[in-house]
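Asker: This is the content of upload-v5.cif (mmCIF, C-alpha atoms and all ligand atoms):
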```
data_protein
#
loop_
_atom_site.label_atom_id
_atom_site.label_comp_id
_atom_site.auth_asym_id
_atom_site.auth_seq_id
_atom_site.Cartn_x
_atom_site.Cartn_y
_atom_site.Cartn_z
CA MET A 1 42.95 -39.22 -44.96
CA LYS A 2 44.45 -36.17 -43.23
CA ALA A 3 41.41 -34.08 -44.13
CA GLU A 4 39.13 -36.77 -42.67
CA LYS A 5 41.15 -36.84 -39.46
CA ASN A 6 40.95 -33.07 -39.19
CA LEU A 7 37.20 -33.17 -39.74
CA THR A 8 36.77 -35.72 -36.95
CA LYS A 9 38.89 -33.53 -34.68
CA LEU A 10 36.84 -30.47 -35.55
CA ARG A 11 33.55 -32.26 -34.92
CA LYS A 12 34.84 -33.61 -31.63
CA SER A 13 36.05 -30.26 -30.43
CA ILE A 14 32.80 -28.50 -31.42
CA CYS A 15 30.71 -31.08 -29.60
CA GLU A 16 32.95 -31.45 -26.55
CA ASN A 17 33.04 -27.70 -26.06
CA ALA A 18 29.33 -27.20 -26.65
CA HIS A 19 27.73 -26.61 -23.28
CA ARG A 20 24.33 -25.24 -24.28
CA ILE A 21 22.69 -27.06 -27.17
CA VAL A 22 19.40 -26.67 -29.05
CA ILE A 23 18.12 -29.91 -30.60
CA LYS A 24 15.25 -29.58 -33.08
CA VAL A 25 13.28 -32.74 -33.83
CA GLY A 26 11.12 -32.72 -36.96
CA SER A 27 7.71 -34.36 -37.29
CA SER A 28 9.26 -36.80 -39.75
CA VAL A 29 11.40 -38.21 -36.92
CA ILE A 30 8.89 -38.76 -34.16
CA THR A 31 5.73 -39.55 -36.04
CA THR A 32 4.41 -42.36 -38.18
CA ALA A 33 1.30 -42.34 -40.36
CA GLU A 34 -0.61 -43.46 -37.25
CA GLY A 35 0.70 -40.82 -34.84
CA LEU A 36 3.58 -40.40 -32.41
CA ASN A 37 6.45 -42.87 -32.57
CA LEU A 38 6.91 -43.76 -28.92
CA SER A 39 10.00 -45.87 -29.37
CA ILE A 40 11.85 -43.06 -31.16
CA ILE A 41 10.83 -40.63 -28.42
CA ALA A 42 12.16 -43.07 -25.81
CA GLN A 43 15.38 -43.45 -27.76
CA LEU A 44 15.89 -39.70 -27.96
CA ALA A 45 15.06 -39.20 -24.28
CA ALA A 46 17.70 -41.77 -23.30
CA GLN A 47 20.39 -40.00 -25.32
CA ILE A 48 19.39 -36.51 -24.18
CA ALA A 49 19.26 -37.61 -20.54
CA SER A 50 22.79 -38.95 -20.88
CA LEU A 51 23.95 -35.60 -22.31
CA ARG A 52 22.34 -33.90 -19.31
CA GLN A 53 24.24 -36.22 -17.00
CA LYS A 54 27.43 -35.02 -18.66
CA GLY A 55 26.45 -31.48 -17.64
CA LYS A 56 25.19 -30.25 -21.01
CA GLU A 57 22.24 -27.84 -21.09
CA ILE A 58 19.67 -28.97 -23.62
CA ILE A 59 16.72 -27.17 -25.15
CA LEU A 60 14.53 -29.46 -27.24
CA VAL A 61 12.39 -27.94 -29.99
CA SER A 62 9.94 -30.63 -30.97
CA SER A 63 7.32 -30.79 -33.71
CA GLY A 64 4.72 -33.56 -33.70
CA ALA A 65 1.60 -31.97 -32.18
CA ILE A 66 -0.38 -32.07 -35.43
CA ALA A 67 0.47 -35.72 -36.03
CA ALA A 68 -0.48 -36.55 -32.45
CA GLY A 69 -3.76 -34.64 -32.90
CA LYS A 70 -4.58 -36.65 -36.02
CA ARG A 71 -4.03 -39.90 -34.17
CA LYS A 72 -6.22 -38.83 -31.29
CA MET A 73 -9.04 -37.83 -33.62
CA LYS A 74 -8.49 -41.03 -35.64
CA PHE A 75 -8.12 -39.00 -38.82
CA LYS A 76 -6.35 -40.69 -41.71
CA GLN A 77 -4.01 -38.57 -43.86
CA GLY A 78 -6.10 -36.06 -45.70
CA HIS A 79 -6.30 -32.43 -46.54
CA PHE A 80 -6.92 -30.01 -43.72
CA SER A 81 -7.56 -26.27 -43.67
CA LEU A 82 -5.24 -23.99 -41.72
CA PRO A 83 -7.65 -23.63 -38.74
CA GLN A 84 -8.05 -27.43 -38.75
CA TYR A 85 -4.25 -27.86 -38.59
CA GLN A 86 -4.17 -25.40 -35.71
CA ALA A 87 -6.97 -27.29 -33.99
CA LEU A 88 -5.08 -30.58 -34.50
CA ALA A 89 -1.96 -29.04 -32.96
CA ALA A 90 -4.01 -27.91 -29.95
CA ILE A 91 -5.42 -31.43 -29.59
CA GLY A 92 -2.07 -33.16 -30.00
CA GLN A 93 0.25 -30.92 -27.99
CA GLY A 94 -0.91 -32.44 -24.68
CA ASP A 95 -0.19 -35.95 -25.93
CA LEU A 96 3.18 -34.92 -27.28
CA ILE A 97 4.31 -33.43 -24.00
CA GLN A 98 2.89 -36.39 -22.06
CA CYS A 99 4.98 -38.76 -24.16
CA TYR A 100 8.10 -36.74 -23.43
CA GLU A 101 7.16 -36.50 -19.74
CA ARG A 102 6.94 -40.30 -19.52
CA ALA A 103 10.08 -40.89 -21.55
CA PHE A 104 12.20 -38.50 -19.46
CA ALA A 105 10.67 -39.68 -16.16
CA ALA A 106 12.55 -42.95 -16.70
CA TYR A 107 15.74 -40.92 -16.09
CA ASN A 108 14.30 -38.62 -13.40
CA GLN A 109 14.82 -35.80 -15.82
CA PRO A 110 12.37 -32.91 -15.35
CA ILE A 111 10.99 -31.21 -18.45
CA ALA A 112 8.95 -28.05 -19.11
CA GLN A 113 6.53 -27.21 -21.89
CA VAL A 114 7.25 -23.90 -23.62
CA LEU A 115 4.90 -22.70 -26.38
CA LEU A 116 6.13 -19.71 -28.34
CA THR A 117 5.44 -17.69 -31.44
CA LYS A 118 8.20 -16.18 -33.52
CA ASP A 119 6.58 -12.76 -33.72
CA GLY A 120 6.00 -12.78 -29.96
CA LEU A 121 9.77 -12.91 -29.54
CA THR A 122 10.27 -9.74 -31.53
CA GLN A 123 8.52 -7.75 -28.80
CA ARG A 124 11.01 -6.48 -26.28
CA TYR A 125 9.41 -7.49 -22.98
CA ARG A 126 8.32 -10.89 -24.28
CA TYR A 127 11.80 -11.60 -25.62
CA LEU A 128 13.34 -10.74 -22.26
CA ASN A 129 10.70 -12.70 -20.36
CA ALA A 130 11.23 -15.74 -22.55
CA ARG A 131 15.02 -15.51 -22.19
CA HIS A 132 14.81 -15.23 -18.41
CA THR A 133 12.38 -18.14 -18.19
CA PHE A 134 14.66 -20.34 -20.30
CA LEU A 135 17.68 -19.41 -18.20
CA ALA A 136 15.80 -20.19 -14.98
CA LEU A 137 14.79 -23.61 -16.34
CA LEU A 138 18.32 -24.40 -17.47
CA ARG A 139 19.74 -23.36 -14.11
CA TRP A 140 17.38 -25.86 -12.45
CA GLY A 141 18.56 -28.59 -14.81
CA VAL A 142 15.18 -28.79 -16.56
CA ILE A 143 14.86 -29.52 -20.30
CA PRO A 144 12.56 -26.98 -21.97
CA ILE A 145 10.52 -28.69 -24.69
CA VAL A 146 9.45 -26.03 -27.14
CA ASN A 147 6.86 -25.97 -29.87
CA GLU A 148 5.23 -23.21 -31.83
CA ASN A 149 2.04 -21.92 -30.24
CA ASP A 150 0.14 -23.01 -33.31
CA THR A 151 -3.24 -21.62 -32.21
CA VAL A 152 -2.06 -18.06 -32.74
CA ALA A 153 0.74 -18.59 -35.28
CA VAL A 154 -0.99 -18.37 -38.62
CA GLU A 155 1.88 -17.56 -40.97
CA GLU A 156 4.32 -19.75 -39.14
CA ILE A 157 2.40 -22.97 -39.39
CA LYS A 158 2.76 -22.74 -43.14
CA PHE A 159 6.51 -22.51 -43.51
CA GLY A 160 9.30 -24.06 -41.52
CA ASP A 161 8.00 -22.79 -38.20
CA ASN A 162 9.99 -24.90 -35.83
CA ASP A 163 13.21 -24.67 -37.84
CA PHE A 164 13.04 -20.88 -37.52
CA LEU A 165 11.91 -21.05 -33.93
CA ALA A 166 14.91 -23.26 -33.15
CA GLY A 167 17.15 -20.65 -34.79
CA LEU A 168 15.60 -17.82 -32.78
CA ILE A 169 16.07 -19.68 -29.51
CA THR A 170 19.62 -20.66 -30.44
CA ALA A 171 20.51 -17.00 -30.96
CA MET A 172 18.50 -15.76 -27.98
CA LEU A 173 20.26 -18.09 -25.55
CA GLU A 174 23.72 -17.73 -27.14
CA THR A 175 23.75 -21.44 -27.65
CA ASP A 176 26.94 -23.27 -28.63
CA LEU A 177 25.43 -25.71 -31.11
CA LEU A 178 22.19 -26.29 -33.03
CA ILE A 179 21.29 -29.83 -34.11
CA PHE A 180 18.54 -30.51 -36.63
CA LEU A 181 17.27 -34.07 -36.31
CA THR A 182 15.34 -34.87 -39.44
CA ASP A 183 14.50 -37.93 -41.56
CA ILE A 184 17.68 -37.84 -43.59
CA ASN A 185 21.35 -38.25 -42.73
CA GLY A 186 22.36 -34.71 -43.63
CA LEU A 187 22.35 -32.46 -46.65
CA TYR A 188 22.77 -34.06 -50.07
CA GLU A 189 24.23 -32.48 -53.17
CA GLN A 190 20.90 -33.15 -54.90
CA ASP A 191 17.41 -33.97 -53.63
CA PRO A 192 17.84 -37.67 -52.70
CA ARG A 193 14.17 -38.39 -53.36
CA ILE A 194 14.75 -37.61 -57.04
CA TYR A 195 18.43 -38.61 -57.30
CA PRO A 196 18.92 -41.71 -55.14
CA LYS A 197 22.63 -41.77 -55.99
CA ALA A 198 23.22 -38.21 -54.73
CA ARG A 199 26.12 -37.89 -52.29
CA ARG A 200 25.86 -36.55 -48.77
CA LEU A 201 27.85 -33.44 -47.92
CA PRO A 202 29.65 -34.28 -44.64
CA ILE A 203 30.66 -30.68 -44.20
CA VAL A 204 29.49 -27.31 -45.50
CA GLU A 205 32.14 -24.66 -45.09
CA LYS A 206 30.09 -21.80 -46.47
CA ILE A 207 26.44 -21.54 -47.42
CA ASP A 208 26.80 -20.20 -50.95
CA ALA A 209 24.43 -20.06 -53.92
CA PHE A 210 24.95 -23.78 -54.67
CA ILE A 211 23.93 -24.80 -51.14
CA GLU A 212 21.02 -22.36 -51.07
CA ALA A 213 19.72 -23.72 -54.36
CA LEU A 214 19.34 -27.14 -52.69
CA GLY A 215 16.53 -25.56 -50.70
CA ALA A 216 14.31 -25.38 -53.77
CA SER A 217 13.05 -28.93 -53.12
CA PRO A 218 9.63 -29.12 -51.44
CA PRO A 219 9.28 -30.62 -47.93
CA ASN A 220 7.94 -34.10 -47.21
CA LYS A 221 4.28 -34.69 -46.40
CA LEU A 222 4.87 -34.41 -42.67
CA GLY A 223 7.40 -31.60 -42.70
CA ARG A 224 6.68 -27.91 -43.03
CA GLY A 225 9.77 -26.03 -44.15
CA GLY A 226 11.76 -28.82 -45.77
CA ILE A 227 15.42 -28.48 -46.41
CA ALA A 228 15.11 -24.78 -47.34
CA SER A 229 14.32 -23.54 -43.85
CA LYS A 230 17.15 -25.62 -42.37
CA ILE A 231 19.64 -24.16 -44.83
CA GLN A 232 18.38 -20.65 -44.14
CA VAL A 233 18.61 -21.07 -40.38
CA ALA A 234 22.05 -22.71 -40.71
CA LYS A 235 23.17 -19.67 -42.69
CA GLU A 236 22.00 -17.29 -39.98
CA MET A 237 23.49 -19.36 -37.15
CA THR A 238 26.89 -19.95 -38.76
CA ALA A 239 27.06 -16.19 -39.45
CA LEU A 240 26.68 -15.69 -35.70
CA GLY A 241 29.49 -18.16 -35.05
CA ILE A 242 27.25 -21.06 -34.06
CA PRO A 243 27.86 -24.47 -35.70
CA VAL A 244 24.89 -26.45 -36.98
CA ILE A 245 24.63 -30.21 -37.47
CA MET A 246 21.91 -31.93 -39.46
CA ALA A 247 21.46 -35.68 -39.01
CA ARG A 248 18.92 -38.51 -39.09
CA GLY A 249 16.94 -38.52 -35.86
CA LYS A 250 15.78 -42.11 -36.18
CA ASP A 251 19.30 -43.55 -36.02
CA PRO A 252 19.29 -45.21 -32.59
CA GLU A 253 22.56 -43.66 -31.44
CA VAL A 254 22.44 -40.43 -33.43
CA LEU A 255 23.20 -38.00 -30.60
CA CYS A 256 25.80 -40.28 -29.01
CA SER A 257 27.55 -40.57 -32.39
CA ILE A 258 27.46 -36.81 -32.93
CA PHE A 259 29.02 -36.18 -29.52
CA LYS A 260 31.70 -38.80 -30.15
CA GLY A 261 32.66 -36.71 -33.20
CA GLU A 262 31.68 -39.48 -35.60
CA GLU A 263 31.33 -38.52 -39.22
CA ILE A 264 27.55 -38.57 -39.58
CA GLY A 265 25.17 -36.02 -41.03
CA THR A 266 26.30 -32.60 -42.21
CA LEU A 267 28.28 -30.12 -40.19
CA PHE A 268 27.81 -26.45 -41.13
CA ILE A 269 30.97 -24.64 -40.08
CA PRO A 270 30.64 -21.34 -38.18
CA GLN A 271 31.87 -18.34 -40.14
CA LYS A 272 33.61 -16.61 -37.24
CA ALA A 273 34.45 -16.96 -33.58
CA HIS A 274 31.48 -17.77 -31.39
CA LEU A 275 29.50 -14.67 -30.61
CA ARG A 276 29.40 -15.33 -26.89
CA VAL A 277 33.17 -15.68 -26.65
CA ARG A 278 33.76 -12.57 -28.74
CA LYS A 279 31.14 -10.53 -26.89
CA HIS A 280 32.59 -11.61 -23.57
CA TRP A 281 35.90 -10.25 -24.72
CA LEU A 282 34.29 -6.99 -25.91
CA ALA A 283 32.55 -6.51 -22.58
CA SER A 284 35.88 -6.84 -20.77
CA LEU A 285 37.56 -3.98 -22.67
CA PRO A 286 38.07 -0.71 -20.76
CA PRO A 287 36.18 1.96 -22.77
CA LYS A 288 38.19 4.92 -24.07
CA GLY A 289 35.18 7.24 -24.37
CA LYS A 290 31.44 7.50 -24.38
CA ILE A 291 28.80 7.81 -27.10
CA ILE A 292 25.41 9.05 -25.93
CA ILE A 293 22.60 7.64 -28.07
CA ASP A 294 18.92 8.52 -28.45
CA SER A 295 16.00 6.32 -27.44
CA GLY A 296 15.43 5.00 -30.99
CA ALA A 297 19.02 3.81 -31.24
CA GLU A 298 18.82 2.33 -27.74
CA LYS A 299 15.83 0.26 -28.79
CA ALA A 300 17.48 -0.80 -32.06
CA LEU A 301 20.65 -1.93 -30.27
CA ARG A 302 19.04 -3.56 -27.28
CA TYR A 303 16.17 -5.39 -28.92
CA GLY A 304 16.73 -5.26 -32.66
CA GLY A 305 20.31 -6.56 -32.75
CA LYS A 306 21.14 -3.55 -34.96
CA SER A 307 24.33 -1.55 -35.53
CA LEU A 308 24.75 2.00 -34.25
CA LEU A 309 24.27 4.47 -37.12
CA PRO A 310 25.05 8.23 -37.12
CA PRO A 311 21.39 9.39 -36.79
CA GLY A 312 21.15 7.71 -33.36
CA VAL A 313 24.18 9.52 -31.90
CA LYS A 314 23.31 12.52 -29.67
CA SER A 315 26.77 13.48 -28.34
CA ILE A 316 30.16 12.11 -27.35
CA ASP A 317 32.35 12.28 -24.29
CA GLY A 318 36.14 11.81 -24.27
CA GLU A 319 38.63 11.24 -27.06
CA PHE A 320 39.02 8.00 -28.97
CA SER A 321 40.45 6.71 -32.22
CA ALA A 322 38.83 4.43 -34.80
CA GLY A 323 38.95 0.86 -33.49
CA ASP A 324 38.88 1.86 -29.81
CA PRO A 325 36.35 0.37 -27.39
CA VAL A 326 33.70 2.88 -26.37
CA CYS A 327 30.71 2.75 -24.08
CA CYS A 328 27.23 3.61 -25.43
CA THR A 329 24.88 5.15 -22.89
CA ASN A 330 21.36 6.52 -23.17
CA GLU A 331 20.52 10.12 -22.35
CA GLN A 332 19.84 9.14 -18.75
CA GLY A 333 23.42 7.87 -18.42
CA GLU A 334 22.51 4.18 -18.35
CA LYS A 335 25.15 1.94 -20.00
CA ILE A 336 23.67 0.15 -23.01
CA ALA A 337 26.61 -1.46 -24.79
CA ILE A 338 30.35 -1.60 -25.34
CA GLY A 339 31.69 -1.70 -28.86
CA LEU A 340 34.58 -1.05 -31.18
CA VAL A 341 34.00 2.24 -32.94
CA ASN A 342 34.61 2.73 -36.70
CA TYR A 343 35.38 6.44 -36.49
CA SER A 344 37.49 8.67 -34.23
CA SER A 345 35.84 10.98 -31.70
CA TRP A 346 36.23 14.06 -33.88
CA GLU A 347 34.70 12.21 -36.84
CA VAL A 348 31.75 11.00 -34.75
CA GLU A 349 31.30 14.57 -33.51
CA LYS A 350 30.94 15.68 -37.14
CA ILE A 351 28.58 12.95 -38.34
CA LYS A 352 26.37 12.65 -35.23
CA GLY A 353 22.66 12.98 -35.99
CA LEU A 354 23.28 12.87 -39.75
CA LYS A 355 21.79 10.47 -42.26
CA THR A 356 24.18 7.66 -43.24
CA LYS A 357 24.36 8.91 -46.82
CA GLU A 358 25.71 12.27 -45.58
CA ILE A 359 28.88 10.75 -44.03
CA GLU A 360 30.95 11.07 -47.17
CA LYS A 361 29.94 14.68 -47.79
CA VAL A 362 30.96 15.70 -44.29
CA LEU A 363 34.10 13.62 -43.81
CA GLY A 364 35.30 13.44 -47.39
CA HIS A 365 35.37 9.65 -47.13
CA LYS A 366 32.94 6.90 -46.10
CA GLY A 367 34.69 3.85 -44.80
CA TYR A 368 31.65 2.51 -42.97
CA GLU A 369 27.91 3.10 -42.74
CA GLU A 370 27.90 2.24 -39.06
CA VAL A 371 29.46 4.13 -36.18
CA ILE A 372 29.68 0.72 -34.49
CA HIS A 373 28.85 -2.49 -36.36
CA ARG A 374 26.60 -4.91 -34.50
CA ASP A 375 29.24 -7.67 -34.70
CA ASN A 376 31.49 -5.39 -32.66
CA LEU A 377 28.85 -4.50 -30.07
CA CYS A 378 28.19 -6.22 -26.78
CA ILE A 379 24.81 -5.29 -25.30
CA LEU A 380 25.00 -5.11 -21.51
CA GLU A 381 22.31 -6.94 -19.54
CA ARG A 382 20.04 -4.79 -17.38
N1 LIG A 401 19.49 -31.69 -50.93
C1 LIG A 401 18.79 -32.33 -49.99
N2 LIG A 401 19.44 -32.95 -48.99
C2 LIG A 401 18.74 -33.59 -48.01
N3 LIG A 401 17.40 -33.67 -47.96
C3 LIG A 401 16.69 -33.07 -48.93
C4 LIG A 401 17.35 -32.37 -50.00
N4 LIG A 401 16.39 -31.86 -50.79
C5 LIG A 401 15.20 -32.22 -50.27
N5 LIG A 401 15.35 -32.96 -49.15
C6 LIG A 401 14.24 -33.53 -48.35
O1 LIG A 401 13.99 -32.70 -47.18
C7 LIG A 401 13.42 -33.54 -46.16
C8 LIG A 401 13.61 -32.93 -44.78
O2 LIG A 401 12.75 -31.82 -44.56
P1 LIG A 401 11.37 -31.92 -43.72
O3 LIG A 401 10.51 -32.93 -44.38
O4 LIG A 401 10.79 -30.56 -43.58
O5 LIG A 401 11.88 -32.47 -42.33
P2 LIG A 401 11.49 -32.13 -40.80
O6 LIG A 401 10.16 -32.72 -40.54
O7 LIG A 401 12.59 -32.81 -40.05
O8 LIG A 401 11.52 -30.64 -40.60
C9 LIG A 401 14.16 -34.85 -46.35
O9 LIG A 401 13.34 -35.92 -46.09
C10 LIG A 401 14.59 -34.88 -47.82
O10 LIG A 401 13.88 -35.84 -48.54
N1 LIG A 402 4.05 -27.13 -34.62
C1 LIG A 402 3.84 -28.21 -35.56
C2 LIG A 402 5.13 -28.49 -36.29
C3 LIG A 402 5.28 -27.92 -37.61
C4 LIG A 402 6.74 -28.13 -38.10
O1 LIG A 402 7.61 -27.25 -38.00
O2 LIG A 402 7.02 -29.33 -38.55
P1 LIG A 402 8.50 -29.82 -38.98
O3 LIG A 402 8.87 -29.18 -40.29
O4 LIG A 402 8.37 -31.28 -39.06
O5 LIG A 402 9.46 -29.41 -37.89
C5 LIG A 402 3.53 -29.51 -34.83
O6 LIG A 402 3.90 -29.64 -33.66
O7 LIG A 402 2.97 -30.40 -35.45
#
```
Re-express the file's structure as structure tokens.
Answerer:
Amino acid sequence: MKAEKNLTKLRKSICENAHRIVIKVGSSVITTAEGLNLSIIAQLAAQIASLRQKGKEIILVSSGAIAAGKRKMKFKQGHFSLPQYQALAAIGQGDLIQCYERAFAAYNQPIAQVLLTKDGLTQRYRYLNARHTFLALLRWGVIPIVNENDTVAVEEIKFGDNDFLAGLITAMLETDLLIFLTDINGLYEQDPRIYPKARRLPIVEKIDAFIEALGASPPNKLGRGGIASKIQVAKEMTALGIPVIMARGKDPEVLCSIFKGEEIGTLFIPQKAHLRVRKHWLASLPPKGKIIIDSGAEKALRYGGKSLLPPGVKSIDGEFSAGDPVCCTNEQGEKIAIGLVNYSSWEVEKIKGLKTKEIEKVLGHKGYEEVIHRDNLCILER
């Protein structure tokens, strides 16, 4: 009873404090065998509009273009080649966005269509452009409605594309919460299609081997990645400190219930303090010294989310102890990041430019591979 009460409290506090939220809607939620399910779309729009009115920032990642394309072309279920799926997505995307446009217009809620590819986001300037565009939309109170740009995304269309895309956007925008709306009320301890008596897991504290093994079940006909991609993304997000909720999107009040803290679906608990909060704190620390890094390390830190390793260190400035905050700059003196350093200044002086495996030989001990671990680094915006 006490545990239940605590769980409700936890859910409530996560949802109440979540300001920026990514909601991913699977094809299984908004489509039927005949095409798009307009009443479900209307239902979701009503709930999302009410979250907006409460001041929440929402990014909606929605599948459904392929199903809409099939309806338009009057194709029955059948087998399609990859280019045909891509063509169907291109045909259906317009319809999908039109349906959302109409549904949100009822609440005077502006929306924007954003088509992305995962690999596009790994390129530095595209990543930054996408981030800035999203932030501009959110500042204007617009709901970005995102889908994979299926025409160019060959690999992605085959496996869990939008689940991963939702994860990428969640991390890119330092979102407070990711919600997967799918056709089932959360994660079950066994595949419920095979074991109808399987129990739902209301909470997952850690994504361990048992939870990961649940991902072995194949997706439904309409879905792409199935439960596996959701578990994988939940693992990545909770490691960043972002909670994830998985629930049934067709339940008429699903989002309202989630935000009331009701015990529905599965809550994946974050593994540490929210990245944004922690990084905010890091950025506020007065640096004790300076580490000058080369252009390869600058790129790895800024755009790769990587740790700072000894080979990337060119020189140091000032004296600091292990655990102190230090500022990383490039060779032109531009500040790149602030982080908590694993080694003292004299140790960094000795291991700078070396390969990681040489640390022990030079220092006589190797506590860490990284000079600064990425979890302890806050990249400064340009
Ligand atoms: N352990 C499990 N718990 C919950 N659902 C599971 C499990 N194993 C397999 N599934 C299936 O995964 C499906 C959800 O994945 P998917 O079809 O890809 O949805 P979406 O279209 O929302 O991305 C559910 O319908 C469910 O039948
Ligand atoms: N981009 C495709 C979605 C593919 C996809 O990820 O589907 P799902 O597993 O249902 O989220 C479409 O719009 O149909």
Asker: Quick one: axis-aligned box around all listed atoms of ligand LIG 401 (chain A), 5 Å on every side, centre and edge lengths in Å to one decimal, written as AutoDock Vina command-line options.
Answerer:
```
--center_x 14.8 --center_y -33.2 --center_z -45.5 --size_x 19.3 --size_y 15.4 --size_z 20.9
```
Asker: Do you know which residues are within 9 Å of ligand LIG 401 (chain A) using all atoms listed in the file? Can you write them as a ChimeraX atom specification?
Answerer: /A:24-30,63-64,160-163,180-194,198-201,211,213-230,248-249
Asker: Using only C-alpha atoms and all ligand atoms, can you tell me which of A:Asp317, A:Glu212, A:Glu148, A:Asp176 comes closest to ligand LIG 402 (chain A)?
Answerer: A:Glu148
Asker: List every residue of region 183-285 of chain A that has an atom at most 10 Å from any atom of region 326-348 of chain A, giving for each one its closest atom pair and the distance in Å to one decimal, counting all atoms listed in the file, sorted by chain and then by ascending residue number, as a Markdown table.
Answerer:
```
| residue | atom | partner | partner_atom | distance |
| --- | --- | --- | --- | --- |
| A:Lys279 | CA | A:Gly339 | CA | 9.1 |
| A:Leu282 | CA | A:Gly339 | CA | 6.6 |
| A:Ala283 | CA | A:Ile338 | CA | 6.0 |
| A:Ser284 | CA | A:Ile338 | CA | 8.9 |
| A:Leu285 | CA | A:Ile338 | CA | 8.0 |
```
Asker: Quote the spacing between CA of Ala300 (chain A) and CA of Glu370 (chain A) in Å to one decimal place.
Answerer: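 Distance reported for this atom pair: 12.9 Å.
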Asker: Go through A:Phe259, A:Phe210, A:Phe164, A:Phe80 one by one, measure the shortest atom-to-atom distance of each to ligand LIG 402 (chain A) using only C-alpha atoms and all ligand atoms, and give the residue with the smallest value.
Answerer: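 Ranked by minimum distance to ligand LIG 402 (chain A), first place goes to A:Phe164.
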